[in-house]
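Source file model_30.cif; content: mmCIF, C-alpha atoms.
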```
data_upload
loop_
_atom_site.group_PDB
_atom_site.id
_atom_site.type_symbol
_atom_site.label_atom_id
_atom_site.label_comp_id
_atom_site.auth_asym_id
_atom_site.auth_seq_id
_atom_site.Cartn_x
_atom_site.Cartn_y
_atom_site.Cartn_z
ATOM 1 C CA MET A 65 -49.107 12.237 2.978
ATOM 2 C CA THR A 66 -47.366 11.783 -0.375
ATOM 3 C CA GLY A 67 -43.680 11.209 -1.017
ATOM 4 C CA PRO A 68 -41.284 13.697 -2.614
ATOM 5 C CA ASP A 69 -41.831 14.671 -6.257
ATOM 6 C CA THR A 70 -39.082 12.945 -8.261
ATOM 7 C CA SER A 71 -40.666 13.438 -11.700
ATOM 8 C CA ARG A 72 -37.958 15.903 -12.769
ATOM 9 C CA LEU A 73 -35.143 13.514 -11.906
ATOM 10 C CA GLY A 74 -33.655 11.049 -14.326
ATOM 11 C CA GLU A 75 -33.918 7.289 -13.862
ATOM 12 C CA ARG A 76 -30.784 7.114 -11.721
ATOM 13 C CA GLY A 77 -31.869 10.097 -9.621
ATOM 14 C CA GLN A 78 -35.271 8.551 -8.945
ATOM 15 C CA ALA A 79 -33.624 5.258 -8.025
ATOM 16 C CA PHE A 80 -31.268 7.091 -5.634
ATOM 17 C CA VAL A 81 -34.180 8.860 -3.879
ATOM 18 C CA ALA A 82 -36.169 5.616 -3.679
ATOM 19 C CA GLN A 83 -33.178 3.832 -2.161
ATOM 20 C CA LEU A 84 -32.674 6.621 0.383
ATOM 21 C CA LEU A 85 -36.346 6.447 1.406
ATOM 22 C CA GLU A 86 -36.161 2.660 1.674
ATOM 23 C CA LEU A 87 -33.103 2.959 3.914
ATOM 24 C CA GLY A 88 -35.002 5.336 6.210
ATOM 25 C CA ARG A 89 -38.064 3.077 6.324
ATOM 26 C CA HIS A 90 -35.973 0.006 7.067
ATOM 27 C CA LEU A 91 -34.008 1.749 9.799
ATOM 28 C CA GLY A 92 -37.211 3.062 11.394
ATOM 29 C CA ALA A 93 -38.709 -0.432 11.296
ATOM 30 C CA GLN A 94 -35.607 -1.952 12.869
ATOM 31 C CA TRP A 95 -35.685 0.474 15.786
ATOM 32 C CA SER A 96 -39.490 0.227 16.158
ATOM 33 C CA MET A 97 -39.282 -3.550 16.517
ATOM 34 C CA GLY A 98 -36.688 -3.081 19.241
ATOM 35 C CA LEU A 99 -38.472 -0.425 21.331
ATOM 36 C CA ASP A 100 -38.502 -2.660 24.402
ATOM 37 C CA GLN A 101 -34.788 -3.321 23.948
ATOM 38 C CA LEU A 102 -34.142 0.392 23.533
ATOM 39 C CA GLY A 103 -36.039 1.054 26.767
ATOM 40 C CA ASP A 104 -33.962 -1.525 28.622
ATOM 41 C CA TYR A 105 -30.838 -0.063 27.039
ATOM 42 C CA ALA A 106 -31.695 3.459 28.232
ATOM 43 C CA ARG A 107 -32.327 2.218 31.784
ATOM 44 C CA ASP A 108 -29.002 0.371 31.821
ATOM 45 C CA ARG A 109 -27.187 3.479 30.592
ATOM 46 C CA LEU A 110 -28.717 5.612 33.340
ATOM 47 C CA SER A 111 -27.900 3.065 36.025
ATOM 48 C CA GLY A 112 -24.378 2.443 34.712
ATOM 49 C CA ASP A 113 -25.067 -1.297 34.914
ATOM 50 C CA TYR A 114 -23.797 -2.630 31.591
ATOM 51 C CA PRO A 115 -20.801 -4.810 30.635
ATOM 52 C CA VAL A 116 -17.744 -3.533 28.763
ATOM 53 C CA ASP A 117 -14.757 -5.764 28.063
ATOM 54 C CA GLU A 118 -11.061 -4.956 28.515
ATOM 55 C CA PHE A 119 -10.893 -3.339 25.059
ATOM 56 C CA GLY A 120 -13.932 -1.109 25.617
ATOM 57 C CA HIS A 121 -16.396 -3.208 23.613
ATOM 58 C CA ASP A 122 -20.007 -2.565 24.645
ATOM 59 C CA PRO A 123 -22.091 -5.519 23.336
ATOM 60 C CA GLU A 124 -25.406 -3.973 24.369
ATOM 61 C CA PHE A 125 -24.701 -0.721 22.498
ATOM 62 C CA THR A 126 -23.495 -2.719 19.491
ATOM 63 C CA GLU A 127 -26.571 -4.940 19.266
ATOM 64 C CA THR A 128 -29.274 -2.439 20.255
ATOM 65 C CA VAL A 129 -28.129 0.847 18.751
ATOM 66 C CA TRP A 130 -25.444 0.254 16.129
ATOM 67 C CA LEU A 131 -26.442 -3.060 14.522
ATOM 68 C CA PRO A 132 -29.745 -1.732 13.053
ATOM 69 C CA VAL A 133 -27.805 1.101 11.392
ATOM 70 C CA ALA A 134 -25.045 -1.170 10.064
ATOM 71 C CA ARG A 135 -27.569 -3.738 8.847
ATOM 72 C CA ALA A 136 -29.650 -1.118 7.014
ATOM 73 C CA LEU A 137 -26.515 0.349 5.431
ATOM 74 C CA ALA A 138 -25.301 -3.048 4.232
ATOM 75 C CA LEU A 139 -28.577 -4.587 3.066
ATOM 76 C CA ASN A 140 -30.670 -1.612 1.973
ATOM 77 C CA TRP A 141 -28.178 0.991 0.805
ATOM 78 C CA PHE A 142 -25.418 -1.174 -0.652
ATOM 79 C CA ARG A 143 -27.677 -4.214 -1.361
ATOM 80 C CA CYS A 144 -24.796 -6.352 -0.152
ATOM 81 C CA GLU A 145 -24.657 -10.076 -0.896
ATOM 82 C CA THR A 146 -22.147 -12.663 0.253
ATOM 83 C CA ARG A 147 -20.474 -15.621 -1.390
ATOM 84 C CA GLY A 148 -18.879 -18.500 0.532
ATOM 85 C CA SER A 149 -20.203 -17.623 4.001
ATOM 86 C CA GLU A 150 -20.433 -21.365 4.711
ATOM 87 C CA ARG A 151 -16.621 -21.283 4.941
ATOM 88 C CA LEU A 152 -16.746 -19.093 8.054
ATOM 89 C CA PRO A 153 -16.230 -21.025 11.311
ATOM 90 C CA ALA A 154 -19.294 -20.928 13.563
ATOM 91 C CA ASP A 155 -17.096 -20.619 16.636
ATOM 92 C CA GLY A 156 -13.478 -20.466 17.753
ATOM 93 C CA PRO A 157 -10.688 -18.035 16.874
ATOM 94 C CA VAL A 158 -10.237 -17.059 13.232
ATOM 95 C CA MET A 159 -8.673 -14.148 11.357
ATOM 96 C CA LEU A 160 -10.466 -12.471 8.448
ATOM 97 C CA VAL A 161 -8.115 -10.637 6.073
ATOM 98 C CA ALA A 162 -9.799 -8.236 3.628
ATOM 99 C CA ASN A 163 -8.983 -5.653 0.985
ATOM 100 C CA HIS A 164 -9.524 -2.036 2.028
ATOM 101 C CA ALA A 165 -10.878 0.858 -0.049
ATOM 102 C CA GLY A 166 -13.336 3.713 -0.261
ATOM 103 C CA SER A 167 -11.711 6.784 1.372
ATOM 104 C CA LEU A 168 -13.622 6.072 4.605
ATOM 105 C CA PRO A 169 -13.499 2.623 6.271
ATOM 106 C CA LEU A 170 -17.146 1.723 5.701
ATOM 107 C CA ASP A 171 -16.049 -1.650 4.320
ATOM 108 C CA GLY A 172 -15.071 -2.793 7.808
ATOM 109 C CA LEU A 173 -18.484 -1.831 9.198
ATOM 110 C CA VAL A 174 -20.336 -3.544 6.352
ATOM 111 C CA LEU A 175 -18.203 -6.675 6.779
ATOM 112 C CA GLN A 176 -19.121 -6.782 10.467
ATOM 113 C CA ALA A 177 -22.832 -6.466 9.696
ATOM 114 C CA MET A 178 -22.802 -9.134 6.990
ATOM 115 C CA VAL A 179 -20.882 -11.688 9.071
ATOM 116 C CA ARG A 180 -23.366 -11.060 11.895
ATOM 117 C CA GLU A 181 -26.214 -11.507 9.401
ATOM 118 C CA GLU A 182 -24.835 -14.735 7.938
ATOM 119 C CA ILE A 183 -23.496 -16.658 10.952
ATOM 120 C CA GLY A 184 -24.361 -14.603 14.042
ATOM 121 C CA ARG A 185 -20.774 -13.677 14.938
ATOM 122 C CA TRP A 186 -19.424 -10.134 15.380
ATOM 123 C CA PRO A 187 -15.877 -9.665 14.020
ATOM 124 C CA ARG A 188 -13.550 -7.589 16.187
ATOM 125 C CA MET A 189 -11.852 -5.098 13.879
ATOM 126 C CA LEU A 190 -8.273 -3.899 14.216
ATOM 127 C CA GLY A 191 -7.955 -0.163 13.515
ATOM 128 C CA ALA A 192 -5.120 2.311 12.882
ATOM 129 C CA ASP A 193 -3.983 4.572 15.705
ATOM 130 C CA LEU A 194 -5.488 7.600 13.860
ATOM 131 C CA VAL A 195 -8.925 6.156 14.583
ATOM 132 C CA PHE A 196 -8.315 6.279 18.322
ATOM 133 C CA ARG A 197 -6.735 9.738 18.216
ATOM 134 C CA THR A 198 -9.852 11.200 16.577
ATOM 135 C CA PRO A 199 -12.366 12.672 19.056
ATOM 136 C CA PHE A 200 -15.653 10.736 19.318
ATOM 137 C CA VAL A 201 -14.622 8.356 16.516
ATOM 138 C CA GLY A 202 -12.175 6.495 18.766
ATOM 139 C CA THR A 203 -14.763 6.100 21.537
ATOM 140 C CA PHE A 204 -17.378 4.860 19.079
ATOM 141 C CA ALA A 205 -14.911 2.423 17.486
ATOM 142 C CA ARG A 206 -14.047 0.956 20.893
ATOM 143 C CA ARG A 207 -17.717 0.521 21.740
ATOM 144 C CA ILE A 208 -18.465 -1.521 18.617
ATOM 145 C CA GLY A 209 -15.506 -3.816 19.228
ATOM 146 C CA THR A 210 -12.587 -2.211 17.376
ATOM 147 C CA THR A 211 -9.163 -2.149 18.970
ATOM 148 C CA LEU A 212 -5.677 -1.006 18.005
ATOM 149 C CA ALA A 213 -4.023 -2.845 15.130
ATOM 150 C CA CYS A 214 -1.082 -4.241 17.075
ATOM 151 C CA GLN A 215 0.167 -7.758 17.738
ATOM 152 C CA PRO A 216 -0.553 -7.863 21.507
ATOM 153 C CA ASP A 217 -4.204 -6.811 21.128
ATOM 154 C CA ALA A 218 -4.781 -9.157 18.191
ATOM 155 C CA ALA A 219 -3.195 -12.059 20.070
ATOM 156 C CA ARG A 220 -5.374 -11.459 23.152
ATOM 157 C CA LEU A 221 -8.541 -11.313 21.059
ATOM 158 C CA LEU A 222 -7.667 -14.565 19.285
ATOM 159 C CA ALA A 223 -6.706 -16.257 22.563
ATOM 160 C CA ALA A 224 -10.202 -15.390 23.839
ATOM 161 C CA GLY A 225 -11.782 -17.183 20.855
ATOM 162 C CA ASN A 226 -12.780 -14.121 18.837
ATOM 163 C CA MET A 227 -13.132 -13.631 15.114
ATOM 164 C CA VAL A 228 -10.706 -10.819 14.227
ATOM 165 C CA SER A 229 -10.819 -8.781 11.003
ATOM 166 C CA VAL A 230 -7.742 -7.015 9.624
ATOM 167 C CA PHE A 231 -7.151 -4.789 6.586
ATOM 168 C CA PRO A 232 -3.417 -5.000 5.843
ATOM 169 C CA GLU A 233 -3.467 -2.428 3.009
ATOM 170 C CA GLY A 234 -4.279 0.218 5.631
ATOM 171 C CA PHE A 235 -4.377 3.821 4.429
ATOM 172 C CA LYS A 236 -2.621 2.821 1.195
ATOM 173 C CA GLY A 237 -5.797 0.967 0.257
ATOM 174 C CA LEU A 238 -8.293 3.480 1.596
ATOM 175 C CA GLY A 239 -6.643 6.466 -0.078
ATOM 176 C CA LYS A 240 -5.726 5.039 -3.473
ATOM 177 C CA ARG A 241 -6.979 6.696 -6.644
ATOM 178 C CA TYR A 242 -10.079 5.468 -8.434
ATOM 179 C CA ALA A 243 -7.922 4.628 -11.455
ATOM 180 C CA HIS A 244 -6.245 1.939 -9.314
ATOM 181 C CA ARG A 245 -9.473 0.421 -7.986
ATOM 182 C CA TYR A 246 -9.456 -3.263 -7.063
ATOM 183 C CA LYS A 247 -5.674 -3.482 -7.428
ATOM 184 C CA LEU A 248 -4.341 -4.557 -4.051
ATOM 185 C CA GLN A 249 -1.669 -2.430 -2.434
ATOM 186 C CA ARG A 250 1.279 -3.796 -0.478
ATOM 187 C CA PHE A 251 0.360 -5.855 2.605
ATOM 188 C CA GLY A 252 3.015 -4.408 4.874
ATOM 189 C CA ARG A 253 5.390 -6.777 6.643
ATOM 190 C CA GLY A 254 2.938 -9.589 7.203
ATOM 191 C CA GLY A 255 2.449 -8.916 10.906
ATOM 192 C CA PHE A 256 -1.125 -10.213 10.748
ATOM 193 C CA VAL A 257 0.113 -13.526 9.349
ATOM 194 C CA ALA A 258 2.754 -13.888 12.059
ATOM 195 C CA THR A 259 0.068 -13.266 14.693
ATOM 196 C CA ALA A 260 -2.248 -15.881 13.170
ATOM 197 C CA ILE A 261 0.567 -18.432 12.853
ATOM 198 C CA ALA A 262 1.677 -17.876 16.449
ATOM 199 C CA ALA A 263 -1.918 -18.436 17.596
ATOM 200 C CA GLY A 264 -2.405 -21.420 15.244
ATOM 201 C CA VAL A 265 -5.690 -20.017 13.889
ATOM 202 C CA PRO A 266 -7.076 -20.202 10.329
ATOM 203 C CA ILE A 267 -6.913 -17.185 8.008
ATOM 204 C CA VAL A 268 -9.946 -16.509 5.805
ATOM 205 C CA PRO A 269 -9.237 -14.280 2.758
ATOM 206 C CA VAL A 270 -12.103 -11.800 2.230
ATOM 207 C CA SER A 271 -12.760 -9.970 -1.044
ATOM 208 C CA ILE A 272 -15.014 -6.898 -0.948
ATOM 209 C CA VAL A 273 -16.411 -5.499 -4.204
ATOM 210 C CA GLY A 274 -18.367 -2.231 -4.060
ATOM 211 C CA SER A 275 -16.361 -0.142 -1.614
ATOM 212 C CA GLU A 276 -14.198 1.420 -4.341
ATOM 213 C CA GLU A 277 -17.206 3.249 -5.839
ATOM 214 C CA ILE A 278 -18.734 4.843 -2.725
ATOM 215 C CA TYR A 279 -16.313 7.832 -2.734
ATOM 216 C CA PRO A 280 -14.356 7.655 -6.016
ATOM 217 C CA ASN A 281 -11.007 9.291 -5.209
ATOM 218 C CA LEU A 282 -10.133 11.341 -8.299
ATOM 219 C CA ALA A 283 -7.256 13.326 -6.793
ATOM 220 C CA ASP A 284 -5.442 14.046 -3.553
ATOM 221 C CA VAL A 285 -4.529 17.356 -1.897
ATOM 222 C CA PRO A 286 -1.281 16.659 0.028
ATOM 223 C CA PHE A 287 -0.905 20.083 1.659
ATOM 224 C CA LEU A 288 -4.435 19.902 3.096
ATOM 225 C CA ALA A 289 -3.770 16.373 4.320
ATOM 226 C CA ARG A 290 -0.596 17.535 6.093
ATOM 227 C CA ALA A 291 -2.345 20.565 7.586
ATOM 228 C CA LEU A 292 -5.144 18.409 8.990
ATOM 229 C CA GLY A 293 -2.873 15.573 10.114
ATOM 230 C CA LEU A 294 -4.510 13.099 7.722
ATOM 231 C CA PRO A 295 -2.870 10.436 5.554
ATOM 232 C CA TYR A 296 -4.700 11.826 2.489
ATOM 233 C CA PHE A 297 -7.358 14.379 1.529
ATOM 234 C CA PRO A 298 -9.443 12.981 -1.335
ATOM 235 C CA LEU A 299 -11.337 14.893 -4.002
ATOM 236 C CA THR A 300 -14.377 12.938 -5.174
ATOM 237 C CA PRO A 301 -17.241 13.802 -7.550
ATOM 238 C CA THR A 302 -19.254 14.992 -4.512
ATOM 239 C CA PHE A 303 -16.666 15.997 -1.886
ATOM 240 C CA PRO A 304 -15.959 18.752 -0.927
ATOM 241 C CA TRP A 305 -18.146 20.365 -3.597
ATOM 242 C CA LEU A 306 -21.486 19.407 -2.013
ATOM 243 C CA GLY A 307 -20.468 20.110 1.576
ATOM 244 C CA PRO A 308 -22.007 17.674 4.094
ATOM 245 C CA LEU A 309 -23.963 15.961 1.304
ATOM 246 C CA GLY A 310 -20.620 14.919 -0.145
ATOM 247 C CA ALA A 311 -20.224 12.581 2.837
ATOM 248 C CA VAL A 312 -23.182 10.465 1.678
ATOM 249 C CA PRO A 313 -21.688 7.324 0.101
ATOM 250 C CA LEU A 314 -22.819 6.476 -3.408
ATOM 251 C CA PRO A 315 -25.128 3.410 -3.405
ATOM 252 C CA SER A 316 -22.914 0.951 -5.262
ATOM 253 C CA LYS A 317 -23.785 -2.739 -5.401
ATOM 254 C CA TRP A 318 -21.602 -4.805 -3.019
ATOM 255 C CA LEU A 319 -20.485 -8.429 -3.089
ATOM 256 C CA ILE A 320 -18.373 -9.962 -0.314
ATOM 257 C CA GLY A 321 -16.611 -13.243 -0.974
ATOM 258 C CA PHE A 322 -15.138 -15.479 1.743
ATOM 259 C CA GLY A 323 -12.303 -17.661 0.502
ATOM 260 C CA THR A 324 -11.122 -21.080 1.609
ATOM 261 C CA PRO A 325 -9.562 -20.868 5.094
ATOM 262 C CA ILE A 326 -5.780 -21.160 5.159
ATOM 263 C CA ARG A 327 -4.680 -23.351 8.066
ATOM 264 C CA THR A 328 -1.688 -22.314 10.157
ATOM 265 C CA ASP A 329 -1.818 -24.966 12.877
ATOM 266 C CA GLN A 330 0.070 -27.481 10.713
ATOM 267 C CA LEU A 331 3.158 -25.304 10.239
ATOM 268 C CA GLU A 332 6.441 -26.094 11.932
ATOM 269 C CA PRO A 333 7.049 -24.783 15.467
ATOM 270 C CA GLY A 334 8.576 -21.318 15.353
ATOM 271 C CA ALA A 335 7.096 -20.605 11.907
ATOM 272 C CA ALA A 336 5.854 -17.212 13.112
ATOM 273 C CA GLU A 337 9.499 -16.093 13.459
ATOM 274 C CA ASP A 338 10.536 -17.418 10.040
ATOM 275 C CA PRO A 339 10.396 -14.513 7.513
ATOM 276 C CA MET A 340 10.136 -16.837 4.493
ATOM 277 C CA THR A 341 7.172 -18.723 5.959
ATOM 278 C CA VAL A 342 5.405 -15.499 6.906
ATOM 279 C CA PHE A 343 6.070 -14.041 3.442
ATOM 280 C CA GLY A 344 4.784 -17.203 1.750
ATOM 281 C CA VAL A 345 1.497 -17.256 3.665
ATOM 282 C CA THR A 346 1.072 -13.486 3.206
ATOM 283 C CA ASP A 347 1.494 -13.867 -0.547
ATOM 284 C CA GLN A 348 -0.970 -16.754 -0.581
ATOM 285 C CA VAL A 349 -3.597 -14.626 1.185
ATOM 286 C CA ARG A 350 -2.999 -11.660 -1.117
ATOM 287 C CA GLU A 351 -3.239 -13.743 -4.283
ATOM 288 C CA SER A 352 -6.448 -15.391 -3.072
ATOM 289 C CA ILE A 353 -8.072 -11.996 -2.443
ATOM 290 C CA GLN A 354 -6.924 -10.514 -5.772
ATOM 291 C CA HIS A 355 -8.191 -13.445 -7.861
ATOM 292 C CA SER A 356 -11.512 -13.404 -6.026
ATOM 293 C CA LEU A 357 -11.880 -9.648 -6.587
ATOM 294 C CA TYR A 358 -11.605 -10.139 -10.352
ATOM 295 C CA ALA A 359 -14.200 -12.939 -10.288
ATOM 296 C CA LEU A 360 -16.646 -10.954 -8.144
ATOM 297 C CA LEU A 361 -16.244 -7.874 -10.360
ATOM 298 C CA ALA A 362 -17.154 -9.929 -13.419
ATOM 299 C CA GLU A 363 -20.175 -11.364 -11.600
ATOM 300 C CA ARG A 364 -21.423 -7.996 -10.354
ATOM 301 C CA GLY A 365 -21.093 -6.010 -13.561
ATOM 302 C CA PRO A 366 -21.858 -2.250 -13.431
ATOM 303 C CA ALA A 367 -21.705 -0.791 -9.926
ATOM 304 C CA PHE A 368 -24.834 1.353 -10.145
ATOM 305 C CA ARG A 369 -27.385 -0.778 -11.946
ATOM 306 C CA THR A 370 -30.872 0.047 -10.661
ATOM 307 C CA ASP A 371 -32.535 -3.307 -11.412
ATOM 308 C CA ARG A 372 -31.254 -5.166 -8.321
#
```
Once more with this new file: its structure as C-alpha cells, please.
Amino acid sequence: MTGPDTSRLGERGQAFVAQLLELGRHLGAQWSMGLDQLGDYARDRLSGDYPVDEFGHDPEFTETVWLPVARALALNWFRCETRGSERLPADGPVMLVANHAGSLPLDGLVLQAMVREEIGRWPRMLGADLVFRTPFVGTFARRIGTTLACQPDAARLLAAGNMVSVFPEGFKGLGKRYAHRYKLQRFGRGGFVATAIAAGVPIVPVSIVGSEEIYPNLADVPFLARALGLPYFPLTPTFPWLGPLGAVPLPSKWLIGFGTPIRTDQLEPGAAEDPMTVFGVTDQVRESIQHSLYALLAERGPAFRTDR
C-alpha cells in the first residue's frame, strides 16, 4: 500500500501531511505497545475495580488511554522541547504558573505531557468552572486530574504533595487576539500566589511558546459568544470556515521553559494575607514568565519551519 499523493501540494502542505501521518503512526505504536495494559484496563472498567481520588482523577485512564494521545500531540505534532526541566522538583508540593493562549486550552495538556516525559510527574491542573459545566468535557477533565480553580481545592492538592499547574491569565489569555500574542494579560488578584504562600510551597514560572499559533485568533464575535454562553467566539484562518477541520490545531513548533523556583517558605508568617507581599510575588512571577517568553521566541524563530 502506498501513502497519499502529495505531489500537488506545496512544501508546507507536504510537510503538514507528513506530520499528520507521523502523528498517526506514533499514536498507533504507543497503543500497540500497551495492548496488555489496554486489556487489563478494559477488564478493570467492566468490573468497576479501579481507583479514583476525591477529585475524580482516574490514574489508570490517564496513563493507559490519555497519556499516549497527549504524548503524541506534544512530541510529534508540536515537536515540543523543554528548557530548564532540571529545575522541577522530583517530589513534594510545587505550583507551576504558566502563560495561557491558543483559543483552546491545549497548552495545559501539552504541559502535563512534557512534565510527565521529563521527570515522571503528572501536574494536576486547575480549570475554570466553564470546563466543568460543559458536558463530557468536565468528566474528561476530572479523569485526567483537573479540578476547579479555587483556593480550597488547590490547597488540598498541595497538602497532599501534588504538583499543581495554574494559568492565571484565564480566558483573557486564551481569547486574546493574535496581534497581542506573547503579551501577558493581567494575572487577576494573585489568588494562586496567596495559596502557594499559605502552603509554603515553591512557585515555578513556566513560559510556553507555540500555543499562540495553533488557532490564530483574528477576530471575535461577541453576540455569538453571548448566545452560546462562551467567554469569546474566535475567528481563525481555519475556523469556522473549514468546519470540523478547523478544529485541527496548526503544527507550530513549541518550546516550554521552566524558570528558577521562587521560594515562599521563607516569608513572614501571615504573608498570604498581606496584599503587598502577594502583589510583589505575583509581579515577580509575571515578569519572569514575560522575559522568558521573549528569550524563547528569539531561540525558536519562525513558528512553522519544516526543517525541525
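Considering all atoms listed in the file, the residue among A:Ile326, A:Ile267, A:Phe119, A:Ala177 positioned nearest to Asp217 of chain A is A:Phe119.
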Segment 151-164 of chain A surroundings by all atoms listed in the file, 6 Å radius, close-in-sequence under 6 positions cut, as a VMD selection string: chain A and resid 222 225 to 231 237 to 238 265 to 271
Residues matched by the PyMOL selection byres ((chain A and resi 296) around 12) as a compact mmCIF listing (two decimals) with C-alpha atoms, in the coordinates of the input:
```txt
# COMPACT_ATOMS: atom_id res chain seq x y z
CA SER A 167 -11.71 6.78 1.37
CA LEU A 168 -13.62 6.07 4.61
CA PHE A 235 -4.38 3.82 4.43
CA LYS A 236 -2.62 2.82 1.20
CA GLY A 237 -5.80 0.97 0.26
CA LEU A 238 -8.29 3.48 1.60
CA GLY A 239 -6.64 6.47 -0.08
CA LYS A 240 -5.73 5.04 -3.47
CA ARG A 241 -6.98 6.70 -6.64
CA ASN A 281 -11.01 9.29 -5.21
CA ALA A 283 -7.26 13.33 -6.79
CA ASP A 284 -5.44 14.05 -3.55
CA VAL A 285 -4.53 17.36 -1.90
CA PRO A 286 -1.28 16.66 0.03
CA PHE A 287 -0.90 20.08 1.66
CA LEU A 288 -4.43 19.90 3.10
CA ALA A 289 -3.77 16.37 4.32
CA ARG A 290 -0.60 17.54 6.09
CA ALA A 291 -2.35 20.56 7.59
CA LEU A 292 -5.14 18.41 8.99
CA GLY A 293 -2.87 15.57 10.11
CA LEU A 294 -4.51 13.10 7.72
CA PRO A 295 -2.87 10.44 5.55
CA PHE A 297 -7.36 14.38 1.53
CA PRO A 298 -9.44 12.98 -1.34
CA LEU A 299 -11.34 14.89 -4.00
```
Computed interatomic separation between atom CA of Ile208 of chain A and atom CA of Asp122 of chain A (Å): 6.3 Å
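Residues matching the PyMOL selection byres ((chain A and resi 303) around 12) in this structure come to A:Ser167, A:Ile278, A:Tyr279, A:Pro280, A:Asn281, A:Leu282, A:Ala283, A:Asp284, A:Phe297, A:Pro298, A:Leu299, A:Thr300, A:Pro301, A:Thr302, A:Pro304, A:Trp305, A:Leu306, A:Gly307, A:Pro308, A:Leu309, A:Gly310, A:Ala311, A:Val312, A:Pro313, A:Leu314.
Taking atom CA of Arg220 of chain A as the reference point, atom CA of Phe256 of chain A is found at 13.2 Å.
Atom pair atom CA of Val195 of chain A / atom CA of Thr146 of chain A: separated by 27.1 Å.
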Test item: the PyMOL selection byres ((chain A and resi 348) around 12) resolved as a ChimeraX atom specification: /A:161,251,254,257,267-269,323-327,341-347,349-355
Could you save the residues just selected, with C-alpha atoms, as a PDB file, in the coordinates of the input?
```
ATOM      1  CA  VAL A 161      -8.115 -10.637   6.073  1.00  0.00           C
ATOM      2  CA  PHE A 251       0.360  -5.855   2.605  1.00  0.00           C
ATOM      3  CA  GLY A 254       2.938  -9.589   7.203  1.00  0.00           C
ATOM      4  CA  VAL A 257       0.113 -13.526   9.349  1.00  0.00           C
ATOM      5  CA  ILE A 267      -6.913 -17.185   8.008  1.00  0.00           C
ATOM      6  CA  VAL A 268      -9.946 -16.509   5.805  1.00  0.00           C
ATOM      7  CA  PRO A 269      -9.237 -14.280   2.758  1.00  0.00           C
ATOM      8  CA  GLY A 323     -12.303 -17.661   0.502  1.00  0.00           C
ATOM      9  CA  THR A 324     -11.122 -21.080   1.609  1.00  0.00           C
ATOM     10  CA  PRO A 325      -9.562 -20.868   5.094  1.00  0.00           C
ATOM     11  CA  ILE A 326      -5.780 -21.160   5.159  1.00  0.00           C
ATOM     12  CA  ARG A 327      -4.680 -23.351   8.066  1.00  0.00           C
ATOM     13  CA  THR A 341       7.172 -18.723   5.959  1.00  0.00           C
ATOM     14  CA  VAL A 342       5.405 -15.499   6.906  1.00  0.00           C
ATOM     15  CA  PHE A 343       6.070 -14.041   3.442  1.00  0.00           C
ATOM     16  CA  GLY A 344       4.784 -17.203   1.750  1.00  0.00           C
ATOM     17  CA  VAL A 345       1.497 -17.256   3.665  1.00  0.00           C
ATOM     18  CA  THR A 346       1.072 -13.486   3.206  1.00  0.00           C
ATOM     19  CA  ASP A 347       1.494 -13.867  -0.547  1.00  0.00           C
ATOM     20  CA  VAL A 349      -3.597 -14.626   1.185  1.00  0.00           C
ATOM     21  CA  ARG A 350      -2.999 -11.660  -1.117  1.00  0.00           C
ATOM     22  CA  GLU A 351      -3.239 -13.743  -4.283  1.00  0.00           C
ATOM     23  CA  SER A 352      -6.448 -15.391  -3.072  1.00  0.00           C
ATOM     24  CA  ILE A 353      -8.072 -11.996  -2.443  1.00  0.00           C
ATOM     25  CA  GLN A 354      -6.924 -10.514  -5.772  1.00  0.00           C
ATOM     26  CA  HIS A 355      -8.191 -13.445  -7.861  1.00  0.00           C
TER      27      HIS A 355
END
```
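Of the residues under consideration (A:Ala263, A:Gly365, A:Ser149, A:Val174), A:Ala263 shows the shortest atom-to-atom contact distance to Ala224 of chain A when counting only C-alpha atoms.
Across A:Glu181, A:Glu363, A:Glu337, A:Asp193, the tightest approach to Ala258 of chain A is made by A:Glu337 when counting all atoms listed in the file.
Take the candidates A:Pro199, A:Phe322, A:Thr259, A:Thr128 and check each one against Pro216 of chain A using only C-alpha atoms; the shortest distance goes to A:Thr259.
Between Gly334 of chain A and the candidates A:Thr210, A:Ala362, A:Ala262, A:Pro232, the tightest atom-to-atom separation, counting all atoms listed in the file, involves A:Ala262.
Nearest residue to Arg185 of chain A among A:Ala336, A:Ala218, A:Gly209, A:Ala138 is A:Gly209, counting only C-alpha atoms.
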As lines of an AutoDock Vina configuration file, what would the box around segment 236-241 of chain A look like: edges along x, y and z, 4 Å added on every side, centre and edge lengths in Å to one decimal?
```
center_x = -5.5
center_y = 3.8
center_z = -2.5
size_x = 13.7
size_y = 13.7
size_z = 16.2
```
Test item: which residues lie within 10 Å of (-23.0, -0.9, 6.7) counting only C-alpha atoms, as a PyMOL selection string: chain A and resi 130-144+170-178
His121 of chain A environment, 9 Å, all atoms listed in the file, sequence neighbours closer than 5 positions dropped, as a ChimeraX atom specification: /A:115-116,126,205-211
